[in-house]
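Enquirer: The structure is given below, and queries will be raised subsequently.
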Amino acid sequence: MAGLTLVDPCAGEPFAEVPAVSAADVDAAVAAAAKAGTDWSRVPIAERAGVLRRAADELDRRRADLVEAITMPLGLPRRLVPGVQLASALGTLRSTAELAERMAEEEVVGNSYVRREPAGVVAAITPWNYPLMQSVNKVAPALVAGCPVLLKPSELTPLDAFVLAEALAVAGLPEGVLRVLPGTGREAGRALAGHPGVDVVSFTGSTEVGRQVAALAAATVTRALLELGGKSASILLDDADVAAAVAHCARTVIVNSGQTCTALTRLLVPRSRLAEAEECAVAALSAARPGHRDDPAADLGPVISARQRDTVEGHILAGTAAGARPITGGPGAPEGLDRGFYVRPTVFTGVDPRMAIAQQEIFGPVLVIIAHDGDDDAVRIADGTPYGLSGAVWSGDVQRALRVARRLRTGQVSVNGGPFNPVAPFGGYKQSGIGREKGLYGIEEFTELKAIQMPLSEEIS
Ligand code: NAD
């Protein structure tokens with residue numbers, strides 16, 4: 001069995017080896033999952049929900065293990081892991097359990113019983129940026145819907161998936177209902193996405209790989225749920241509280257070193273208020289301190305890999321070459337951080353919305369400021385990328401901000417800093433994806449609808 005070499009991004013050196021599964025292993029795992037899934041689908045939903053709740057309690061007890069499993073391959077400062085990575089994952093396990101109990105498994109529509117049945121074997125393929133949360137976003141709703149799951153975590157961050165599986169086993173999940181398949185995308189990922197025994201492929205990752213996954217799944221007419229990239233805009237209307245809006249936006253670009261699909265990486269500012277916004281953005285990003293996972297003063301760690309660092313730097317160089325003006329940050333390692341994959345939090349202004357730095361997902365702590373000429377222009381620019389994952393609108397008049405939010409072609413919008421809602425649907429318009437995670441919507445994605453027509457002579461209720 002070939003292995004995966006895990007690299008510590010704070011040091012730029014390998015720290016662990018994990019076995020990698022082959023395409024043949026995937027074959028065997030799909031067959032075993034189908035078998036285990038039959039019994040699991042018959043377990044009452046309240047019992048399935050109980051497993052999730054107990055698993056969340058067990059993960060709470062194993063926080064120290066989770067912090068290590070996440071920080072070692074990701075590099076996020078240790079003190080930030082619980083807030084940035086664990087809270088939402090554990091919360092989602094619990095909220096999914098609660099919502100499942102409210103899901104109508106069967107309802108009457110005219111002369112039909114309309115049933116929601118488990119969709120079958122689920123292949124969950126996840127990225128490295130929020131590894132535990134991405135796994136939970138798929139595993140929790142799929143399990144509670146009654147499906148067996150094959151989880152292929154990113155080859156860069158596979159460790160926490162094993163802790164999740166152990167916690168679910170302790171919580172009473174029968175053997176074989178969840179199996180972790182560490183491996184590469186090229187081998188294990190492809191084998192899962194194109195496997196005829198898989199009923200739902202739930203993928204989170206880049207738009208480029210999402211297209212390949214959708215094509216593989218299409219060959220067997222398998223449902224593909226895709227959570228893909230983003231290039232989200234924060235729109236400041238002319239009466240916005242600029243300081244509050246820019247601080248909110250900057251936080252999303254700094255957290256997790258900018259490696260967040262919903263990061264608000266484009267700041268759309270009325271031309272008349274550009275100087276004010278630039279000043280606030282420079283203050284926020286220049287104050288954000290990159291550092292080692294053990295540095296208690298670090299606000300962000302390195303990016304995940306040498307390749308990712310080179311990609312981010314490539315964007316910074318290309319943005320400058322295209323005529324945009326970096327007003328803080330720039331290429332090269334931050335002072336004193338020559339080992340590891342660190343980048344400098346960077347703000348560009350003078351950005352044309354057609355530039356590559358305004359169109360492409362950079363996945364690093366890089367913010368671009370774009371001037372707009374009023375509400376219509378701002379909406380046009382915000383919607384003017386291939387993506388539609390998230391967004392924000394700020395105005396002194398909350399109803400005016402809401403009117404603009406309703407016009408945007410994006411899956412999520414925060415009005416005046418409205419916080420993330422873990423039970424609201426999450427997903428993308430356009431090339432940001434297909435389908436929704438979170439809440440009841442996320443559970444329903446793992447069900448099939450069946451209509452049973454009864455004779456009209458029969459009274460049904
Ligand atoms: P990636 O697309 O490189 O990899 C994601 C997963 O797909 C990994 O497990 C990988 O092994 C697997 N994979 C790679 N090639 C494959 C193939 N040909 N067939 C099947 N599987 C394959 O993404 P990444 O670099 O791990 O993550 C970063 C990306 O994820 C960013 O674009 C980010 O925006 C996106 N993301 C989206 C969301 C969302 O909810 N919309 C959330 C987090 C991250």
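Each chain in the structure tokens gets a letter, A, B and so on, in the order shown; residues start at 1 in every chain, and ligands are counted from 1 in the order they appear.
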Residues within 8 Å of ligand 1 (only C-alpha atoms and all ligand atoms), as an MDAnalysis selection string?
Expert: chainID A and resid 125:130 134 152:156 183:193 203:210 212:213 216 226:230 259:262 361 363 389 426:428 432:433
Enquirer: Pull the alpha helix (DSSP H) assignments for region 185-412 of chain A out of DSSP run on the backbone, and list those residues as a short mmCIF file (atom, residue, chain, number, x, y, z; two decimals) with N, CA, C and O atoms, in the first residue's frame.
Expert:
data_model
loop_
_atom_site.label_atom_id
_atom_site.label_comp_id
_atom_site.auth_asym_id
_atom_site.auth_seq_id
_atom_site.Cartn_x
_atom_site.Cartn_y
_atom_site.Cartn_z
N ARG A 190 -10.89 9.58 -7.50
CA ARG A 190 -11.47 9.25 -8.82
C ARG A 190 -12.25 7.93 -8.77
O ARG A 190 -13.32 7.80 -9.35
N ALA A 191 -11.67 6.95 -8.06
CA ALA A 191 -12.33 5.64 -7.99
C ALA A 191 -13.71 5.77 -7.31
O ALA A 191 -14.68 5.15 -7.74
N LEU A 192 -13.77 6.61 -6.28
CA LEU A 192 -15.05 6.80 -5.59
C LEU A 192 -16.05 7.56 -6.45
O LEU A 192 -17.22 7.17 -6.55
N ALA A 193 -15.58 8.65 -7.07
CA ALA A 193 -16.50 9.51 -7.83
C ALA A 193 -17.12 8.77 -9.01
O ALA A 193 -18.26 9.05 -9.39
N THR A 207 -13.24 24.25 -7.92
CA THR A 207 -14.17 24.16 -9.05
C THR A 207 -13.59 23.26 -10.14
O THR A 207 -14.31 22.47 -10.76
N GLU A 208 -12.27 23.35 -10.33
CA GLU A 208 -11.62 22.54 -11.36
C GLU A 208 -11.83 21.03 -11.10
O GLU A 208 -12.25 20.28 -11.99
N VAL A 209 -11.56 20.60 -9.87
CA VAL A 209 -11.75 19.17 -9.56
C VAL A 209 -13.24 18.83 -9.50
O VAL A 209 -13.65 17.75 -9.91
N GLY A 210 -14.06 19.78 -9.06
CA GLY A 210 -15.51 19.55 -9.02
C GLY A 210 -16.07 19.19 -10.39
O GLY A 210 -16.93 18.31 -10.51
N ARG A 211 -15.54 19.85 -11.41
CA ARG A 211 -15.98 19.52 -12.79
C ARG A 211 -15.65 18.07 -13.13
O ARG A 211 -16.44 17.35 -13.72
N GLN A 212 -14.43 17.64 -12.73
CA GLN A 212 -14.02 16.26 -13.02
C GLN A 212 -14.89 15.26 -12.25
O GLN A 212 -15.29 14.23 -12.79
N VAL A 213 -15.17 15.59 -11.01
CA VAL A 213 -16.01 14.70 -10.17
C VAL A 213 -17.41 14.59 -10.79
O VAL A 213 -17.97 13.50 -10.90
N ALA A 214 -17.96 15.73 -11.21
CA ALA A 214 -19.30 15.72 -11.81
C ALA A 214 -19.31 14.87 -13.08
O ALA A 214 -20.26 14.13 -13.33
N ALA A 215 -18.24 14.95 -13.86
CA ALA A 215 -18.17 14.18 -15.12
C ALA A 215 -18.09 12.68 -14.81
O ALA A 215 -18.76 11.86 -15.46
N LEU A 216 -17.28 12.32 -13.81
CA LEU A 216 -17.17 10.90 -13.44
C LEU A 216 -18.52 10.38 -12.94
O LEU A 216 -18.95 9.28 -13.30
N ALA A 217 -19.19 11.17 -12.09
CA ALA A 217 -20.47 10.75 -11.53
C ALA A 217 -21.54 10.65 -12.63
O ALA A 217 -22.41 9.77 -12.58
N ALA A 218 -21.43 11.53 -13.62
CA ALA A 218 -22.44 11.54 -14.68
C ALA A 218 -22.46 10.23 -15.47
O ALA A 218 -23.51 9.80 -15.96
N VAL A 242 -17.99 52.38 7.37
CA VAL A 242 -16.83 51.83 6.66
C VAL A 242 -15.92 51.04 7.61
O VAL A 242 -15.47 49.94 7.29
N ALA A 243 -15.66 51.60 8.78
CA ALA A 243 -14.73 50.94 9.71
C ALA A 243 -15.25 49.55 10.09
O ALA A 243 -14.50 48.56 10.05
N ALA A 244 -16.54 49.46 10.42
CA ALA A 244 -17.11 48.16 10.82
C ALA A 244 -17.10 47.19 9.64
O ALA A 244 -16.75 46.01 9.79
N ALA A 245 -17.47 47.69 8.46
CA ALA A 245 -17.56 46.82 7.29
C ALA A 245 -16.20 46.29 6.90
O ALA A 245 -16.04 45.10 6.60
N VAL A 246 -15.19 47.13 6.91
CA VAL A 246 -13.86 46.69 6.49
C VAL A 246 -13.27 45.73 7.54
O VAL A 246 -12.64 44.72 7.19
N ALA A 247 -13.51 46.00 8.81
CA ALA A 247 -12.99 45.11 9.86
C ALA A 247 -13.60 43.71 9.70
O ALA A 247 -12.90 42.69 9.79
N HIS A 248 -14.90 43.65 9.40
CA HIS A 248 -15.59 42.36 9.21
C HIS A 248 -14.99 41.62 8.01
O HIS A 248 -14.64 40.44 8.08
N CYS A 249 -14.83 42.34 6.93
CA CYS A 249 -14.30 41.75 5.70
C CYS A 249 -12.86 41.25 5.93
O CYS A 249 -12.50 40.13 5.55
N ALA A 250 -12.04 42.09 6.59
CA ALA A 250 -10.64 41.73 6.81
C ALA A 250 -10.52 40.47 7.66
O ALA A 250 -9.67 39.61 7.40
N ARG A 251 -11.41 40.33 8.64
CA ARG A 251 -11.35 39.12 9.48
C ARG A 251 -11.53 37.86 8.64
O ARG A 251 -10.85 36.86 8.85
N THR A 252 -12.42 37.91 7.66
CA THR A 252 -12.68 36.71 6.85
C THR A 252 -11.48 36.38 5.95
O THR A 252 -11.32 35.24 5.53
N VAL A 253 -10.67 37.39 5.66
CA VAL A 253 -9.51 37.17 4.79
C VAL A 253 -8.31 36.68 5.60
O VAL A 253 -7.42 35.99 5.07
N ILE A 254 -8.28 37.02 6.88
CA ILE A 254 -7.14 36.64 7.73
C ILE A 254 -7.34 35.25 8.33
O ILE A 254 -6.40 34.46 8.42
N LEU A 274 -13.28 55.69 -0.91
CA LEU A 274 -12.16 54.79 -1.16
C LEU A 274 -11.01 54.99 -0.16
O LEU A 274 -10.49 54.02 0.41
N ALA A 275 -10.64 56.24 0.07
CA ALA A 275 -9.47 56.52 0.92
C ALA A 275 -9.70 55.98 2.33
O ALA A 275 -8.82 55.36 2.94
N GLU A 276 -10.93 56.22 2.82
CA GLU A 276 -11.29 55.74 4.17
C GLU A 276 -11.17 54.22 4.25
O GLU A 276 -10.61 53.66 5.21
N ALA A 277 -11.71 53.53 3.23
CA ALA A 277 -11.69 52.06 3.23
C ALA A 277 -10.26 51.54 3.11
O ALA A 277 -9.89 50.56 3.78
N GLU A 278 -9.46 52.19 2.28
CA GLU A 278 -8.05 51.75 2.13
C GLU A 278 -7.33 51.84 3.46
O GLU A 278 -6.62 50.92 3.86
N GLU A 279 -7.55 52.95 4.15
CA GLU A 279 -6.86 53.14 5.43
C GLU A 279 -7.25 52.04 6.43
O GLU A 279 -6.40 51.46 7.11
N CYS A 280 -8.54 51.74 6.51
CA CYS A 280 -9.01 50.70 7.44
C CYS A 280 -8.46 49.33 7.05
O CYS A 280 -8.08 48.53 7.91
N ALA A 281 -8.43 49.05 5.75
CA ALA A 281 -7.96 47.73 5.29
C ALA A 281 -6.47 47.56 5.58
O ALA A 281 -6.03 46.49 6.03
N VAL A 282 -5.70 48.59 5.34
CA VAL A 282 -4.27 48.52 5.63
C VAL A 282 -4.06 48.32 7.13
O VAL A 282 -3.26 47.47 7.55
N ALA A 283 -4.81 49.06 7.93
CA ALA A 283 -4.66 48.92 9.39
C ALA A 283 -4.94 47.48 9.81
O ALA A 283 -4.18 46.88 10.57
N ALA A 284 -6.02 46.89 9.28
CA ALA A 284 -6.41 45.54 9.72
C ALA A 284 -5.42 44.48 9.23
O ALA A 284 -4.97 43.63 10.01
N LEU A 285 -5.03 44.52 7.97
CA LEU A 285 -4.18 43.44 7.46
C LEU A 285 -2.72 43.60 7.88
O LEU A 285 -2.02 42.61 8.05
N SER A 286 -2.27 44.86 8.08
CA SER A 286 -0.88 44.99 8.51
C SER A 286 -0.74 44.63 9.99
O SER A 286 0.34 44.28 10.45
N ALA A 287 -1.85 44.69 10.73
CA ALA A 287 -1.78 44.31 12.15
C ALA A 287 -1.87 42.80 12.35
O ALA A 287 -1.55 42.29 13.42
N ALA A 306 3.87 24.33 0.00
CA ALA A 306 4.77 25.16 -0.81
C ALA A 306 4.04 25.57 -2.09
O ALA A 306 4.14 26.70 -2.56
N ARG A 307 3.26 24.63 -2.63
CA ARG A 307 2.54 24.93 -3.87
C ARG A 307 1.52 26.06 -3.66
O ARG A 307 1.41 26.96 -4.48
N GLN A 308 0.82 25.99 -2.53
CA GLN A 308 -0.17 27.03 -2.24
C GLN A 308 0.52 28.38 -2.03
O GLN A 308 0.04 29.41 -2.50
N ARG A 309 1.66 28.36 -1.33
CA ARG A 309 2.41 29.61 -1.13
C ARG A 309 2.82 30.19 -2.49
O ARG A 309 2.68 31.39 -2.74
N ASP A 310 3.30 29.32 -3.39
CA ASP A 310 3.73 29.81 -4.70
C ASP A 310 2.55 30.35 -5.50
O ASP A 310 2.67 31.33 -6.23
N THR A 311 1.39 29.70 -5.35
CA THR A 311 0.18 30.20 -6.05
C THR A 311 -0.19 31.59 -5.55
O THR A 311 -0.46 32.50 -6.33
N VAL A 312 -0.19 31.76 -4.22
CA VAL A 312 -0.57 33.06 -3.64
C VAL A 312 0.43 34.12 -4.10
O VAL A 312 0.06 35.21 -4.56
N GLU A 313 1.72 33.80 -4.03
CA GLU A 313 2.74 34.77 -4.45
C GLU A 313 2.61 35.08 -5.93
O GLU A 313 2.82 36.23 -6.35
N GLY A 314 2.28 34.07 -6.71
CA GLY A 314 2.10 34.28 -8.15
C GLY A 314 0.98 35.28 -8.41
O GLY A 314 1.11 36.17 -9.26
N HIS A 315 -0.10 35.18 -7.64
CA HIS A 315 -1.21 36.13 -7.79
C HIS A 315 -0.76 37.54 -7.38
O HIS A 315 -1.15 38.53 -8.02
N ILE A 316 0.03 37.62 -6.32
CA ILE A 316 0.47 38.94 -5.85
C ILE A 316 1.35 39.60 -6.93
O ILE A 316 1.19 40.78 -7.26
N LEU A 317 2.24 38.83 -7.50
CA LEU A 317 3.12 39.37 -8.56
C LEU A 317 2.31 39.74 -9.81
O LEU A 317 2.51 40.80 -10.40
N ALA A 318 1.36 38.86 -10.16
CA ALA A 318 0.56 39.12 -11.37
C ALA A 318 -0.33 40.34 -11.18
O ALA A 318 -0.52 41.13 -12.11
N GLY A 319 -0.85 40.53 -9.97
CA GLY A 319 -1.71 41.69 -9.69
C GLY A 319 -0.92 42.98 -9.85
O GLY A 319 -1.38 43.95 -10.46
N THR A 320 0.30 42.98 -9.33
CA THR A 320 1.15 44.17 -9.44
C THR A 320 1.49 44.43 -10.91
O THR A 320 1.42 45.56 -11.39
N ALA A 321 1.82 43.34 -11.63
CA ALA A 321 2.18 43.48 -13.04
C ALA A 321 0.98 44.00 -13.86
O ALA A 321 1.16 44.73 -14.84
N ALA A 356 -7.18 39.40 -13.11
CA ALA A 356 -7.19 38.03 -12.56
C ALA A 356 -7.32 38.04 -11.04
O ALA A 356 -8.03 37.20 -10.47
N ILE A 357 -6.67 39.00 -10.35
CA ILE A 357 -6.78 39.01 -8.88
C ILE A 357 -8.19 39.35 -8.40
O ILE A 357 -8.52 39.14 -7.24
N ALA A 358 -9.01 39.89 -9.31
CA ALA A 358 -10.40 40.20 -8.95
C ALA A 358 -11.37 39.12 -9.42
O ALA A 358 -12.56 39.17 -9.12
N GLN A 359 -10.87 38.17 -10.18
CA GLN A 359 -11.73 37.13 -10.76
C GLN A 359 -11.46 35.74 -10.18
O GLN A 359 -12.37 34.93 -10.05
N ASP A 375 -25.29 51.60 -6.30
CA ASP A 375 -25.80 50.26 -5.96
C ASP A 375 -25.84 49.34 -7.18
O ASP A 375 -25.45 48.17 -7.09
N ASP A 376 -26.33 49.83 -8.32
CA ASP A 376 -26.44 48.95 -9.49
C ASP A 376 -25.07 48.50 -9.96
O ASP A 376 -24.87 47.33 -10.30
N ASP A 377 -24.11 49.43 -9.96
CA ASP A 377 -22.76 49.10 -10.38
C ASP A 377 -22.15 48.06 -9.42
O ASP A 377 -21.49 47.10 -9.85
N ALA A 378 -22.40 48.24 -8.13
CA ALA A 378 -21.86 47.31 -7.13
C ALA A 378 -22.41 45.90 -7.35
O ALA A 378 -21.66 44.91 -7.31
N VAL A 379 -23.71 45.80 -7.62
CA VAL A 379 -24.32 44.47 -7.86
C VAL A 379 -23.71 43.85 -9.12
O VAL A 379 -23.37 42.66 -9.15
N ARG A 380 -23.54 44.68 -10.15
CA ARG A 380 -22.97 44.17 -11.42
C ARG A 380 -21.55 43.62 -11.17
O ARG A 380 -21.22 42.52 -11.62
N ILE A 381 -20.75 44.35 -10.41
CA ILE A 381 -19.37 43.89 -10.15
C ILE A 381 -19.40 42.64 -9.26
O ILE A 381 -18.70 41.65 -9.52
N ALA A 382 -20.23 42.67 -8.21
CA ALA A 382 -20.28 41.52 -7.30
C ALA A 382 -20.65 40.25 -8.05
O ALA A 382 -20.07 39.18 -7.82
N VAL A 398 -30.71 49.41 7.00
CA VAL A 398 -30.66 47.95 6.90
C VAL A 398 -31.60 47.43 5.79
O VAL A 398 -31.31 46.43 5.12
N GLN A 399 -32.74 48.13 5.58
CA GLN A 399 -33.68 47.69 4.54
C GLN A 399 -33.10 47.90 3.14
O GLN A 399 -33.32 47.10 2.23
N ARG A 400 -32.33 48.97 3.00
CA ARG A 400 -31.68 49.22 1.70
C ARG A 400 -30.64 48.10 1.45
O ARG A 400 -30.55 47.56 0.34
N ALA A 401 -29.89 47.74 2.48
CA ALA A 401 -28.90 46.66 2.34
C ALA A 401 -29.61 45.35 1.99
O ALA A 401 -29.15 44.59 1.12
N LEU A 402 -30.77 45.11 2.61
CA LEU A 402 -31.52 43.88 2.35
C LEU A 402 -31.99 43.85 0.88
O LEU A 402 -31.93 42.79 0.23
N ARG A 403 -32.41 45.00 0.36
CA ARG A 403 -32.86 45.04 -1.05
C ARG A 403 -31.71 44.66 -1.97
O ARG A 403 -31.89 43.91 -2.93
N VAL A 404 -30.52 45.14 -1.66
CA VAL A 404 -29.35 44.78 -2.50
C VAL A 404 -29.02 43.29 -2.31
O VAL A 404 -28.75 42.57 -3.29
N ALA A 405 -29.09 42.81 -1.07
CA ALA A 405 -28.79 41.39 -0.80
C ALA A 405 -29.70 40.48 -1.62
O ALA A 405 -29.27 39.46 -2.15
N ARG A 406 -30.99 40.88 -1.74
CA ARG A 406 -31.95 40.04 -2.47
C ARG A 406 -31.62 39.96 -3.95
O ARG A 406 -31.99 39.01 -4.62
N ARG A 407 -30.90 40.97 -4.47
CA ARG A 407 -30.60 40.98 -5.90
C ARG A 407 -29.39 40.11 -6.27
O ARG A 407 -29.21 39.76 -7.44
#
Enquirer: Taking only residues of region 5-78 of chain A that have an atom at most 12 Å from an atom of region 141-145 of chain A, what is each one's shortest atom pair and its distance in Å to one decimal, using only C-alpha atoms, in chain and number order, as a Markdown table?
Expert:
| residue | atom | partner | partner_atom | distance |
| --- | --- | --- | --- | --- |
| A:Ala33 | CA | A:Leu143 | CA | 11.9 |
| A:Ala36 | CA | A:Leu143 | CA | 11.9 |
| A:Gly37 | CA | A:Leu143 | CA | 9.5 |
| A:Trp40 | CA | A:Leu143 | CA | 8.5 |
| A:Ser41 | CA | A:Ala145 | CA | 7.8 |
| A:Arg42 | CA | A:Ala145 | CA | 10.5 |
| A:Val43 | CA | A:Val144 | CA | 9.6 |
| A:Pro44 | CA | A:Val144 | CA | 9.4 |
| A:Ile45 | CA | A:Val144 | CA | 6.5 |
| A:Ala46 | CA | A:Val144 | CA | 8.6 |
| A:Glu47 | CA | A:Val144 | CA | 8.8 |
| A:Arg48 | CA | A:Val144 | CA | 5.3 |
| A:Ala49 | CA | A:Val144 | CA | 5.8 |
| A:Gly50 | CA | A:Val144 | CA | 9.2 |
| A:Val51 | CA | A:Val144 | CA | 8.7 |
| A:Leu52 | CA | A:Val144 | CA | 7.8 |
| A:Arg53 | CA | A:Val144 | CA | 10.8 |
Enquirer: Create the file for the chosen residues now, containing all heavy atoms and written as a short mmCIF file (atom, residue, chain, number, x, y, z; two decimals), in the first residue's frame.
Expert:
data_model
loop_
_atom_site.label_atom_id
_atom_site.label_comp_id
_atom_site.auth_asym_id
_atom_site.auth_seq_id
_atom_site.Cartn_x
_atom_site.Cartn_y
_atom_site.Cartn_z
N ALA A 33 -19.82 -1.23 2.34
CA ALA A 33 -20.71 -0.15 2.79
C ALA A 33 -22.15 -0.45 2.40
O ALA A 33 -23.08 -0.24 3.19
CB ALA A 33 -20.26 1.18 2.18
N ALA A 36 -23.46 -2.96 4.94
CA ALA A 36 -23.71 -2.38 6.27
C ALA A 36 -24.87 -1.39 6.23
O ALA A 36 -25.60 -1.22 7.21
CB ALA A 36 -22.45 -1.68 6.77
N GLY A 37 -25.04 -0.76 5.08
CA GLY A 37 -26.06 0.28 4.95
C GLY A 37 -27.48 -0.24 5.04
O GLY A 37 -28.39 0.48 5.47
N TRP A 40 -28.47 -0.27 8.67
CA TRP A 40 -28.45 1.10 9.19
C TRP A 40 -29.69 1.89 8.72
O TRP A 40 -30.26 2.68 9.47
CB TRP A 40 -27.17 1.81 8.76
CG TRP A 40 -27.03 3.23 9.21
CD1 TRP A 40 -26.96 4.33 8.42
CD2 TRP A 40 -26.93 3.70 10.57
NE1 TRP A 40 -26.83 5.46 9.18
CE2 TRP A 40 -26.81 5.11 10.51
CE3 TRP A 40 -26.95 3.08 11.82
CZ2 TRP A 40 -26.69 5.89 11.66
CZ3 TRP A 40 -26.84 3.87 12.96
CH2 TRP A 40 -26.71 5.25 12.87
N SER A 41 -30.11 1.64 7.49
CA SER A 41 -31.26 2.39 6.96
C SER A 41 -32.54 2.05 7.72
O SER A 41 -33.51 2.80 7.68
CB SER A 41 -31.43 2.10 5.47
OG SER A 41 -31.85 0.76 5.29
N ARG A 42 -32.54 0.90 8.41
CA ARG A 42 -33.75 0.49 9.15
C ARG A 42 -33.74 0.95 10.60
O ARG A 42 -34.72 0.78 11.33
CB ARG A 42 -33.88 -1.04 9.10
CG ARG A 42 -34.11 -1.52 7.67
CD ARG A 42 -34.38 -3.01 7.63
NE ARG A 42 -34.43 -3.48 6.27
CZ ARG A 42 -33.73 -4.48 5.77
NH1 ARG A 42 -32.91 -5.17 6.55
NH2 ARG A 42 -33.83 -4.82 4.51
N VAL A 43 -32.59 1.50 11.05
CA VAL A 43 -32.53 2.01 12.43
C VAL A 43 -33.39 3.28 12.50
O VAL A 43 -33.28 4.15 11.63
CB VAL A 43 -31.05 2.35 12.79
CG1 VAL A 43 -30.96 3.08 14.11
CG2 VAL A 43 -30.21 1.07 12.81
N PRO A 44 -34.28 3.39 13.50
CA PRO A 44 -35.13 4.59 13.57
C PRO A 44 -34.29 5.87 13.62
O PRO A 44 -33.22 5.89 14.21
CB PRO A 44 -35.91 4.41 14.87
CG PRO A 44 -35.83 2.93 15.16
CD PRO A 44 -34.56 2.43 14.57
N ILE A 45 -34.84 6.92 13.02
CA ILE A 45 -34.08 8.16 12.87
C ILE A 45 -33.66 8.73 14.22
O ILE A 45 -32.57 9.29 14.35
CB ILE A 45 -34.89 9.16 12.00
CG1 ILE A 45 -33.95 10.16 11.33
CG2 ILE A 45 -35.98 9.84 12.76
CD1 ILE A 45 -34.51 10.82 10.10
N ALA A 46 -34.50 8.57 15.24
CA ALA A 46 -34.15 9.11 16.57
C ALA A 46 -32.90 8.41 17.11
O ALA A 46 -32.06 9.04 17.77
CB ALA A 46 -35.32 8.94 17.53
N GLU A 47 -32.75 7.13 16.81
CA GLU A 47 -31.55 6.41 17.28
C GLU A 47 -30.33 6.86 16.49
O GLU A 47 -29.22 6.99 17.03
CB GLU A 47 -31.73 4.90 17.11
CG GLU A 47 -32.55 4.30 18.23
CD GLU A 47 -32.71 2.79 18.06
OE1 GLU A 47 -31.74 2.10 17.67
OE2 GLU A 47 -33.84 2.32 18.29
N ARG A 48 -30.53 7.08 15.20
CA ARG A 48 -29.40 7.56 14.39
C ARG A 48 -28.95 8.93 14.90
O ARG A 48 -27.76 9.23 15.00
CB ARG A 48 -29.80 7.64 12.91
CG ARG A 48 -30.26 6.29 12.35
CD ARG A 48 -30.25 6.23 10.83
NE ARG A 48 -31.17 7.10 10.17
CZ ARG A 48 -32.24 6.72 9.46
NH1 ARG A 48 -32.54 5.41 9.34
NH2 ARG A 48 -33.01 7.59 8.85
N ALA A 49 -29.93 9.77 15.26
CA ALA A 49 -29.61 11.10 15.78
C ALA A 49 -28.85 10.98 17.12
O ALA A 49 -27.91 11.74 17.38
CB ALA A 49 -30.89 11.91 15.98
N GLY A 50 -29.23 10.00 17.92
CA GLY A 50 -28.56 9.79 19.22
C GLY A 50 -27.07 9.48 19.03
O GLY A 50 -26.23 9.93 19.82
N VAL A 51 -26.75 8.74 17.99
CA VAL A 51 -25.34 8.43 17.71
C VAL A 51 -24.56 9.73 17.45
O VAL A 51 -23.46 9.92 17.96
CB VAL A 51 -25.23 7.46 16.50
CG1 VAL A 51 -23.79 7.32 16.04
CG2 VAL A 51 -25.82 6.09 16.86
N LEU A 52 -25.16 10.63 16.69
CA LEU A 52 -24.46 11.90 16.40
C LEU A 52 -24.22 12.69 17.68
O LEU A 52 -23.16 13.26 17.90
CB LEU A 52 -25.25 12.76 15.41
CG LEU A 52 -25.49 12.24 14.00
CD1 LEU A 52 -26.04 13.35 13.12
CD2 LEU A 52 -24.23 11.67 13.37
N ARG A 53 -25.24 12.74 18.53
CA ARG A 53 -25.11 13.51 19.77
C ARG A 53 -24.01 12.96 20.65
O ARG A 53 -23.18 13.69 21.17
CB ARG A 53 -26.42 13.45 20.57
CG ARG A 53 -27.45 14.38 20.06
CD ARG A 53 -28.50 14.69 21.13
NE ARG A 53 -29.56 15.42 20.49
CZ ARG A 53 -30.61 14.84 19.90
NH1 ARG A 53 -30.76 13.52 19.92
NH2 ARG A 53 -31.51 15.57 19.30
#
Enquirer: Kindly give the distance, in Å, that separates CA of Ala233 (chain A) and CA of Phe420 (chain A), rounded to a single decimal.
Expert: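 That distance, rounded to one decimal, is 15.5 Å.
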Enquirer: Would you list the contacts of Asp383 (chain A) as a list in words, taking every protein, DNA or RNA residue within 8 Å and counting only C-alpha atoms, but skipping same-chain residues closer than 4 positions in sequence?
Expert: Val379, Tyr387, Gly388, Leu408, Arg409 and Thr410 of chain A
Enquirer: When you count only C-alpha atoms, which of these residues is closest to Ser22 (chain A): A:Leu181, A:Val136, A:Val121, A:Leu80?
Expert: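 Result for the nearest residue to Ser22 (chain A): A:Leu181.
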Enquirer: For each of A:Val21, A:Ala89, A:Ala16, A:Ala56, take the minimum atom-to-atom distance to Ala2 (chain A), counting only C-alpha atoms, then give the residue where this is smallest.
Expert: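 Residue with the minimum atom-to-atom distance to Ala2 (chain A): A:Val21.
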Enquirer: So, with only C-alpha atoms as the atoms that count, which of A:Ala324, A:Leu367, A:Ile304, A:Ala171 lies closest to Thr265 (chain A)?
Expert: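 Among A:Ala324, A:Leu367, A:Ile304, A:Ala171, it is A:Leu367 that comes nearest to Thr265 (chain A).
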Enquirer: For Gly75 (chain A), which of A:Arg273, A:Arg293, A:Arg94, A:Arg62 is the closest residue, counting only C-alpha atoms?
Expert: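 Looking only at the distances to Gly75 (chain A), the closest residue turns out to be A:Arg293.
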Enquirer: From the options A:Leu159, A:Val109, A:Val200, A:Met454, which residue's atoms come nearest to Val18 (chain A), counting only C-alpha atoms?
Expert: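 The answer is A:Leu159, which sits nearest to Val18 (chain A).
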Enquirer: Extract, using only C-alpha atoms, all DNA, RNA and protein residues at most 10 Å from Gly336 (chain A), discarding same-chain residues fewer than 3 positions from it, and format them as an mmCIF file with N, CA, C and O atoms, in the first residue's frame.
Expert:
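Wrote it out as result25.cif, contents follow:
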data_model
loop_
_atom_site.group_PDB
_atom_site.id
_atom_site.type_symbol
_atom_site.label_atom_id
_atom_site.label_comp_id
_atom_site.auth_asym_id
_atom_site.auth_seq_id
_atom_site.Cartn_x
_atom_site.Cartn_y
_atom_site.Cartn_z
ATOM 1 N N GLY A 291 2.502 33.654 12.161
ATOM 2 C CA GLY A 291 3.446 33.045 13.098
ATOM 3 C C GLY A 291 3.245 31.548 13.217
ATOM 4 O O GLY A 291 2.268 30.976 12.707
ATOM 5 N N ALA A 333 8.485 36.145 2.115
ATOM 6 C CA ALA A 333 8.086 35.667 3.445
ATOM 7 C C ALA A 333 8.038 36.839 4.423
ATOM 8 O O ALA A 333 8.814 37.788 4.303
ATOM 9 N N ARG A 339 11.471 29.745 7.273
ATOM 10 C CA ARG A 339 11.115 28.321 7.171
ATOM 11 C C ARG A 339 9.597 28.245 7.098
ATOM 12 O O ARG A 339 8.893 29.077 7.663
#
